[in-house]
Each structure stands twice: as structure tokens, then as C-alpha cells.
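Peer 1: Below is the structure I would like to discuss, written out as C-alpha cells.
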Amino acid sequence: MNTGELRSKVKGAVMVPGDVAYDDARQVWNAMIDRRPALIVRCADAADVAPAIAFARQNDLDISVRGGGHHIAGHSICEGGLVIDFSGMKSVRVDAATRRAYVQPGATLRDFDHAVQAHRLATPVGINSTTGIAGLTLGGGFGWLTREYGMTIDNLLAVDMIGAEGKMLHASEKQNPDLFWAIRGGGGNFGVVTQFEFKLHPVGPNVFAGLIVFPFEQANEVLTRYREFVESAPAKLNVWALLRQAPPLPFLPVGAHGKEVVVLAVFYNGDANEGEKFIQPLRRFGNAIGEHVGSIPYTQWQQAFDPLLTPGARNYWKSHNFIQISDAALNKIIEYAAKLPSPHCEIFLGLLAGEANQVAASATAYSARDAKFVINVHGRWERASQDEECIAWARAFFHAAAPYASSGAYVNFMTADEGERVAAAYGANYTRLQEIKRLYDPENFFHVNQNIRSSEKKGAA
Ligand SMILES: Cc1cc2nc3c(=O)[nH]c(=O)nc-3n(C[C@H](O)[C@H](O)[C@H](O)COP(=O)(O)OP(=O)(O)OC[C@H]3O[C@@H](n4cnc5c(N)ncnc54)[C@H](O)[C@@H]3O)c2cc1C
């Protein structure tokens with residue numbers, strides 16, 4: 001394999017095994033992933049993508065695409081193939097007058113929030129600032145603003161892409177609308193996105209947000225009242241519930257550190273006095289052992305969970321969608337949260353109910369528009385010797401909770417061993433996705449991902 005011609009055609013770096021930067025460049029967020037690509041093309045601009053695709057084709061190499069490198073399955077790094085790495089392309093250009101952001105595919109949520117908040121604008125993205133905007137958006141995307149403004153894809157206006165033959169494509173409601181439909185949830189199956197255009201909304205600079213922490217013994221009471229409360233909560237208010245061991249947060253009594261707790265993470269996009277009024281009932285859900293809620297810059301709240309989710313740990317996730325959390329489901333959540341196999345494991349209930357549910361299931365490839373909650377069992381630990389125990393715990397909870405879950409699944413939370421779940425994740429939209437895959441990538445060139453198979457015959461991941 002002669003990389004000389006490729007190097008002459010791209011502006012960015014081409015890294016191969018043995019190069020100083022190679023080992024760092026193949027690391028992703030989940031330390032369970034340890035793959036050795038044949039080469040990594042760190043693109044300097046969109047023009048670097050087509051030569052990389054051509055090189056992979058000429059040398060019969062698998063191709064993978066790296067945005068922020070956060071996906072739990074680690075599909076951004078392929079074994080023995082070519083990685084298109086966008087970590088050098090992080091620019092976010094904001095047009096404040098039209099409330100638009102033009103975003104390169106290596107930008108993290110932190111890059112995005114930083115740029116848009118300079119204009120007191122934002123759009124719904126995830127809750128951990130080191131996540132990449134690219135993978136998050138292509139799988140759907142949800143976070144604190146989702147109840148008010150929908151999924152990330154509901155705020156996506158257009159993309160520039162390079163297709164499987166190296167051709168430039170623009171997709172929006174007007175241009176290539178079938179492709180635009182497919183990439184809003186269909187992941188990296190249809191091409192390589194080189195720019196995203198989002199619409200923005202007035203947010204911040206401060207929001208009203210924080211944590212209220214209850215003892216684990218009160219989990220049933222707290223969660224029962226939580227699920228009633230969110231039924232009538234305003235869309236500007238979002239509350240997620242977390243069950244985990246308490247980190248050593250300064251506002252918690254030292255005796256609670258390391259003990260199982262139930263945390264309500266609250267977020268209100270608006271005035272602090274109003275927010276205070278809305279969250280007041282939450283305090284009566286139990287005898288809180290600590291609280292830290294107040295006015296906080298939106299960008300700071302977007303980074304609040306980063307210390308719990310740093311890269312470099314071993315992770316295994318399982319998740320389900322729920323239309324409602326039944327008593328039986330609550331019991332399972334509490335039962336499994338009572339036997340966390342490592343201090344970093346958690347079960348969280350992410351609340352979607354609101355604007356995301358107002359969109360028809362057939363309007364975008366992401367189809368779980370009836371999901372009001374996403375429950376993720378987050379297995380996270382430090383040593384390989386703990387793999388078996390932590391993975392078994394996550395799988396056991398997943399199976400125990402399955403009878404109470406609704407249909408569909410979130411592809412952005414699916415591990416590498418859940419390839420067979422992809423079709424079910426898209427429900428009735430899967431057939432249309434297969435048709436569009438046949439049009440834009442009939443050979444399944446882009447298959448190192450949550451793969452949509454246009455037919456059963458060709459090498460799916
Ligand atoms: C700690 C943590 C917190 C998270 N929190 C949330 C959350 O709050 N809300 C939420 O919705 N999700 C959340 N996620 C899930 C997140 O949305 C996915 O992990 C997402 O894939 C991350 O995007 P990335 O660009 O960092 O990932 P990568 O691993 O770089 O990319 C994932 C996949 O996306 C595709 N892809 C990436 N870039 C491109 C591109 N330019 N063109 C074509 N295809 C591309 C590829 O198939 C790639 O394999 C979280 C994940 C983590 C690890």
C-alpha cells in the first residue's frame with residue numbers, strides 16, 4: 001500500500017502504525033475499543049475526504065468516520081482500514097441575524113455551545129460537552145433543551161456530504177430530500193458529512209439548573225412522584241433521574257459519599273425566580289440529603305457531568321425507550337441500582353417528553369417519537385478484570401426491563417454487539433432506509449457503523 005499519492009492529494013496528516021501521533025489518534029472515549037487501522041487521515045478540510053475515499057476503494061480498505069470519537073461501539077475506528085478523522089475540523093460559524101450555525105464535523109458540543117452562546121443562542125444537543133456534534137446529530141440527539149425545541153435533528157436544516165463515490169452532495173428539505181430524511185437518525189450509512197447547518201434559539205446566558213439528591217431508601221417514593229410530576233411540567237423544564245453512588249460533591253454530607261443515591265438533575269431554560277417556583281415541588285419528594293440548584297451559565301451546565309464521563313474508562317451500555325414507567329419497571333430500576341457492580345455504574349432516566357413527541361414517526365429516519373423516556377444502564381469501570389461482572393449486570397437489567405419498554409431503540413446508545421437490533425431501532429422506517437441506502441450506497445461501502453443493510457448479501461459490519 002503506497003500512501004505517497006494520497007499524501008500528495010490531502011492537506012491534512014496521514015498517520016500509519018509507528019508514527020508518533022498514531023496511537024493517540026486511534027483512541028476513543030470507550031477504553032474497551034482497541035483497534036488498529038491501517039491509516040488515519042486527519043482531514044484539514046472537506047476537500048481531503050474524496051481522496052481518502054478513493055484511496056480506500058483502490059486498496060479495498062474498510063472505512064470509518066470519526067467525529068468526536070464518543071460512540072460506545074467505537075465504530076469511528078476500524079480494524080485494518082482507513083479512518084477519516086475530523087478532529088482537526090472544529091469550526092462553528094454563527095450567523096446571529098438569521099440564527100443559523102454552520103458546523104464542521106469535528107466540533108464537540110463544547111465547541112458548539114461556546115460559539116453559539118457568544119450570541120445567547122443554542123440548539124438541543126447532548127449533556128456531555130466532549131461528545132461530537134456529528135455522531136450525536138446523525139443518530140438523533142437529545143439533551144436538556146429537547147422538551148422545548150425537539151431532537152437535534154429537528155433543528156438540522158442542511159448538510160454537505162461526500163457520497164460513496166466521492167461526489168459532493170447537499171441535502172436539505174429542498175435538495176435531495178430523501179437523503180436528508182435518511183441522515184436525520186440514519187447515522188453514517190449514507191456518506192460523510194462535512195458541514196451541518198442548524199437553526200438556533202435564544203438561550204441563556206444563564207439557566208436555572210442543578211442537582212437535588214435523595215437517599216436511596218426513598219427511591220420508590222421519589223421516582224413515583226417524579227413520573228407524575230413530569231406529566232404536567234412545562235416544556236422549558238427538564239428533569240432527569242439518576243441512580244448511582246454519590247460522588248464526593250462538596251454540597252453532600254461526607255457520610256453520603258460513595259453511598260447509593262437518587263439524583264434529580266433539573267434544568268429550566270428561563271428566569272431563576274420562575275424556575276425556582278417550578279422545581280419547588282421536587283424538594284418534597286423525599287428528605288433530600290443535599291441540593292445545589294441555582295442560576296448558572298448554560299455553557300457551564302453543559303459541562304457539569306463531564307467529570308463523571310471522562311474518556312479512558314471501560315464502558316458497556318444498554319438502553320430502552322419507554323412511553324411510561326410502570327410500577328414494575330420502577331421496581332426493576334431500583335432492584336438493579338441496589339447492586340451496582342462498580343462505583344462508576346449508573347442507571348439514568350432521560351426525559352424526552354415534549355417537542356420531540358410532536359413530530360410524526362415517519363418525518364425523519366429516527367422513529368421513536370412516542371418515547372417519553374430513554375433509560376440507559378451505564379456500565380462503567382476501570383479494570384479489564386471487571387468486564388464480565390459489569391457487562392453481565394448491564395445485560396441482566398436490560399432483559400429484566402425489556403417487558404416494560406416501548407418499541408424502537410436509540411442507535412447512539414447501542415453497543416458493538418447490538419448490530420442485530422438496528423432494524424428494530426428504526427421500526428417502520430427501516431424499509432425506506434434500505435431503499436435510500438440502495439440509491440446512495442448500494443455496495444454498503446459505509447458499513448462500519450450501526451449498519452443499515454440495503455440487501456442481505458454484502459459485508460455488513
Ligand atoms: C459520555 C457520553 C454522553 C452522551 N450523552 C448523550 C446525550 O446526552 N444525548 C445524546 O443524544 N447522545 C449522547 N451520547 C451518545 C452520542 O450521541 C453518541 O455517542 C454519538 O455517536 C457521539 O458522536 P461522536 O461524533 O462523538 O462519535 P463518533 O464515535 O466519532 O461517531 C459515531 C458514528 O457516527 C458516524 N459519524 C461521525 N461523524 C460522521 C460524519 N462526519 N459523517 C458521517 N458519519 C459520521 C460514524 O458512523 C461513527 O462511527 C453520549 C455519549 C457519551 C459517550
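Naming works like this for the C-alpha cells: A, B, ... for the chains as they're shown, residue 1 at the start of each chain, ligands 1 onward in shown order.
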Find the nearest atom pair between each residue of chain A and ligand 1 for residues within 6 Å, count only C-alpha atoms and all ligand atoms, give distances in Å to one decimal, sort rows by chain and ascending number, and present the table as CSV.
Peer 2:
residue,atom,partner,partner_atom_place_in_ligand_line,distance
A:Val65,CA,ligand 1,46 (C),4.9
A:Arg66,CA,ligand 1,30 (O),3.8
A:Gly67,CA,ligand 1,30 (O),3.5
A:Gly68,CA,ligand 1,26 (O),3.1
A:Gly69,CA,ligand 1,30 (O),3.3
A:His70,CA,ligand 1,26 (O),3.7
A:His71,CA,ligand 1,19 (O),3.2
A:Ile72,CA,ligand 1,19 (O),5.7
A:Gly74,CA,ligand 1,29 (O),5.6
A:His75,CA,ligand 1,49 (O),3.9
A:Ser76,CA,ligand 1,49 (O),3.8
A:Pro105,CA,ligand 1,41 (N),4.8
A:Gly126,CA,ligand 1,8 (O),3.3
A:Ile127,CA,ligand 1,8 (O),4.0
A:Asn128,CA,ligand 1,3 (C),5.0
A:Thr131,CA,ligand 1,26 (O),4.4
A:Gly132,CA,ligand 1,26 (O),3.3
A:Ile133,CA,ligand 1,25 (O),5.5
A:Ala134,CA,ligand 1,25 (O),4.4
A:Gly135,CA,ligand 1,23 (O),3.2
A:Leu136,CA,ligand 1,17 (O),3.4
A:Gly141,CA,ligand 1,11 (O),3.4
A:Phe142,CA,ligand 1,11 (O),4.1
A:Gly143,CA,ligand 1,8 (O),4.9
A:Gly187,CA,ligand 1,35 (C),5.5
A:Gly188,CA,ligand 1,44 (N),3.4
A:Gly191,CA,ligand 1,43 (C),5.6
A:Val192,CA,ligand 1,42 (N),3.7
A:Val193,CA,ligand 1,42 (N),3.8
A:Thr194,CA,ligand 1,41 (N),5.7
A:Leu309,CA,ligand 1,1 (C),4.9
A:Asn412,CA,ligand 1,18 (C),4.5
A:Phe413,CA,ligand 1,15 (C),5.6
A:Asn449,CA,ligand 1,47 (O),4.3
Peer 1: Which segment 333-442 of chain A residues have any atom within 7 Å of an atom of segment 216-239 of chain A, and for each, what is the nearest pair of atoms with distance in Å to one decimal, counting only C-alpha atoms, rows sorted by chain and number, as JSON lines?
Peer 2:
{"residue": "A:Ile334", "atom": "CA", "partner": "A:Ala219", "partner_atom": "CA", "distance": 7.0}
{"residue": "A:Leu351", "atom": "CA", "partner": "A:Val239", "partner_atom": "CA", "distance": 6.6}
{"residue": "A:Gly354", "atom": "CA", "partner": "A:Ala235", "partner_atom": "CA", "distance": 6.1}
Peer 1: Just to be explicit: take each residue in the selection above, keep N, CA, C and O atoms, and write the result as a short mmCIF file (atom, residue, chain, number, x, y, z; two decimals), in the first residue's frame.
Peer 2:
data_model
loop_
_atom_site.label_atom_id
_atom_site.label_comp_id
_atom_site.auth_asym_id
_atom_site.auth_seq_id
_atom_site.Cartn_x
_atom_site.Cartn_y
_atom_site.Cartn_z
N ILE A 334 -34.92 0.05 40.52
CA ILE A 334 -34.41 0.15 41.89
C ILE A 334 -33.65 -1.12 42.28
O ILE A 334 -32.58 -1.07 42.89
N LEU A 351 -35.40 12.37 30.15
CA LEU A 351 -36.77 12.75 29.80
C LEU A 351 -36.80 13.43 28.43
O LEU A 351 -36.10 14.43 28.22
N GLY A 354 -42.20 15.97 25.15
CA GLY A 354 -42.36 17.36 24.76
C GLY A 354 -42.29 17.47 23.26
O GLY A 354 -42.87 16.67 22.53
#
Peer 1: Could you pull the residues within 10 Å of Ile289 of chain A, counting only C-alpha atoms, minus those fewer than 6 positions along the same chain, as a list in words?
Peer 2: Ile212, Val213, Phe214, Pro215, Phe251, Leu252, Pro253, Ala256 and Val261 of chain A
Peer 1: For Asp62 of chain A, which of A:Ile153, A:Val359, A:Val28, A:Cys78 is the closest residue, counting only C-alpha atoms?
Peer 2: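 Of all the options, A:Cys78 lies closest to Asp62 of chain A.
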Peer 1: Taking only C-alpha atoms into account, which of A:Ile375, A:Ile323, A:Leu264, A:Ala171 comes nearest Ala353 of chain A?
Peer 2: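 Using only C-alpha atoms, Ala353 of chain A sits closest to A:Ile323.
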Peer 1: Which of segment 139-197 of chain A counts as strand (DSSP E) under DSSP, as a PDB file with C-alpha atoms, in the first residue's frame please?
Peer 2:
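Saved result, selection26.pdb, follows:
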ATOM      1  CA  LEU A 156     -30.919  20.475  11.431  1.00  0.00           C
ATOM      2  CA  LEU A 157     -31.533  22.444   8.232  1.00  0.00           C
ATOM      3  CA  ALA A 158     -28.984  21.067   5.784  1.00  0.00           C
ATOM      4  CA  VAL A 159     -25.753  19.123   5.395  1.00  0.00           C
ATOM      5  CA  ASP A 160     -22.900  18.994   2.909  1.00  0.00           C
ATOM      6  CA  MET A 161     -21.739  15.445   2.296  1.00  0.00           C
ATOM      7  CA  ILE A 162     -19.350  13.337   0.261  1.00  0.00           C
ATOM      8  CA  MET A 168     -20.261  16.183  -3.201  1.00  0.00           C
ATOM      9  CA  LEU A 169     -23.904  16.279  -2.168  1.00  0.00           C
ATOM     10  CA  HIS A 170     -26.094  18.847  -0.453  1.00  0.00           C
ATOM     11  CA  ALA A 171     -29.114  17.600   1.457  1.00  0.00           C
ATOM     12  CA  SER A 172     -31.983  19.634   2.856  1.00  0.00           C
ATOM     13  CA  VAL A 192     -19.514  11.569   5.043  1.00  0.00           C
ATOM     14  CA  VAL A 193     -20.920  14.827   6.358  1.00  0.00           C
ATOM     15  CA  THR A 194     -18.525  17.749   6.019  1.00  0.00           C
ATOM     16  CA  GLN A 195     -20.824  20.508   7.302  1.00  0.00           C
ATOM     17  CA  PHE A 196     -24.022  20.766   9.360  1.00  0.00           C
ATOM     18  CA  GLU A 197     -26.366  23.753   9.302  1.00  0.00           C
TER      19      GLU A 197
END
Peer 1: I want to know what sits within 10 Å of Tyr410 of chain A, based on only C-alpha atoms, with residues of the same chain fewer than 2 positions away left out; could you give that as number ranges by chain?
Peer 2: A: 139-141, 185, 318-321, 366-368, 374, 376, 408, 412-414, 421-422, 425-426
Peer 1: As a ChimeraX atom specification, please: the residues near Gly294 of chain A (cut-off 8 Å, only C-alpha atoms, same-chain neighbours under 2 positions excluded).
Peer 2: /A:208-210,272,292,296
Peer 1: List the spatial neighbours of segment 35-49 of chain A as a JSON list (two decimals) with C-alpha atoms, in the first residue's frame - criterion: any atom at most 7 Å away, only C-alpha atoms, same-chain residues fewer than 5 positions off excluded.
Peer 2:
[["chain", "number", "residue", "atom", "x", "y", "z"],
["A", 10, "VAL", "CA", -4.63, 15.73, 1.02],
["A", 11, "LYS", "CA", -3.79, 18.81, 3.06],
["A", 12, "GLY", "CA", -4.18, 17.08, 6.45],
["A", 13, "ALA", "CA", -1.96, 14.48, 8.14],
["A", 14, "VAL", "CA", -1.84, 10.82, 7.11],
["A", 15, "MET", "CA", -0.87, 8.62, 10.06],
["A", 16, "VAL", "CA", 0.22, 4.98, 9.89],
["A", 17, "PRO", "CA", 1.29, 2.49, 12.60],
["A", 26, "ARG", "CA", -6.76, 5.71, 17.41],
["A", 77, "ILE", "CA", -12.12, 3.39, 14.35],
["A", 78, "CYS", "CA", -11.96, 0.40, 12.01],
["A", 79, "GLU", "CA", -9.58, -2.53, 12.32],
["A", 80, "GLY", "CA", -7.06, -2.56, 9.46],
["A", 81, "GLY", "CA", -8.93, 0.07, 7.42],
["A", 82, "LEU", "CA", -8.87, 3.79, 6.76],
["A", 83, "VAL", "CA", -10.18, 6.30, 9.29],
["A", 84, "ILE", "CA", -11.48, 9.65, 8.11],
["A", 85, "ASP", "CA", -10.71, 11.70, 11.21],
["A", 86, "PHE", "CA", -12.37, 15.08, 11.66],
["A", 87, "SER", "CA", -10.76, 16.02, 14.95],
["A", 88, "GLY", "CA", -8.89, 18.85, 13.20],
["A", 89, "MET", "CA", -12.08, 20.39, 11.78],
["A", 194, "THR", "CA", -18.53, 17.75, 6.02]]
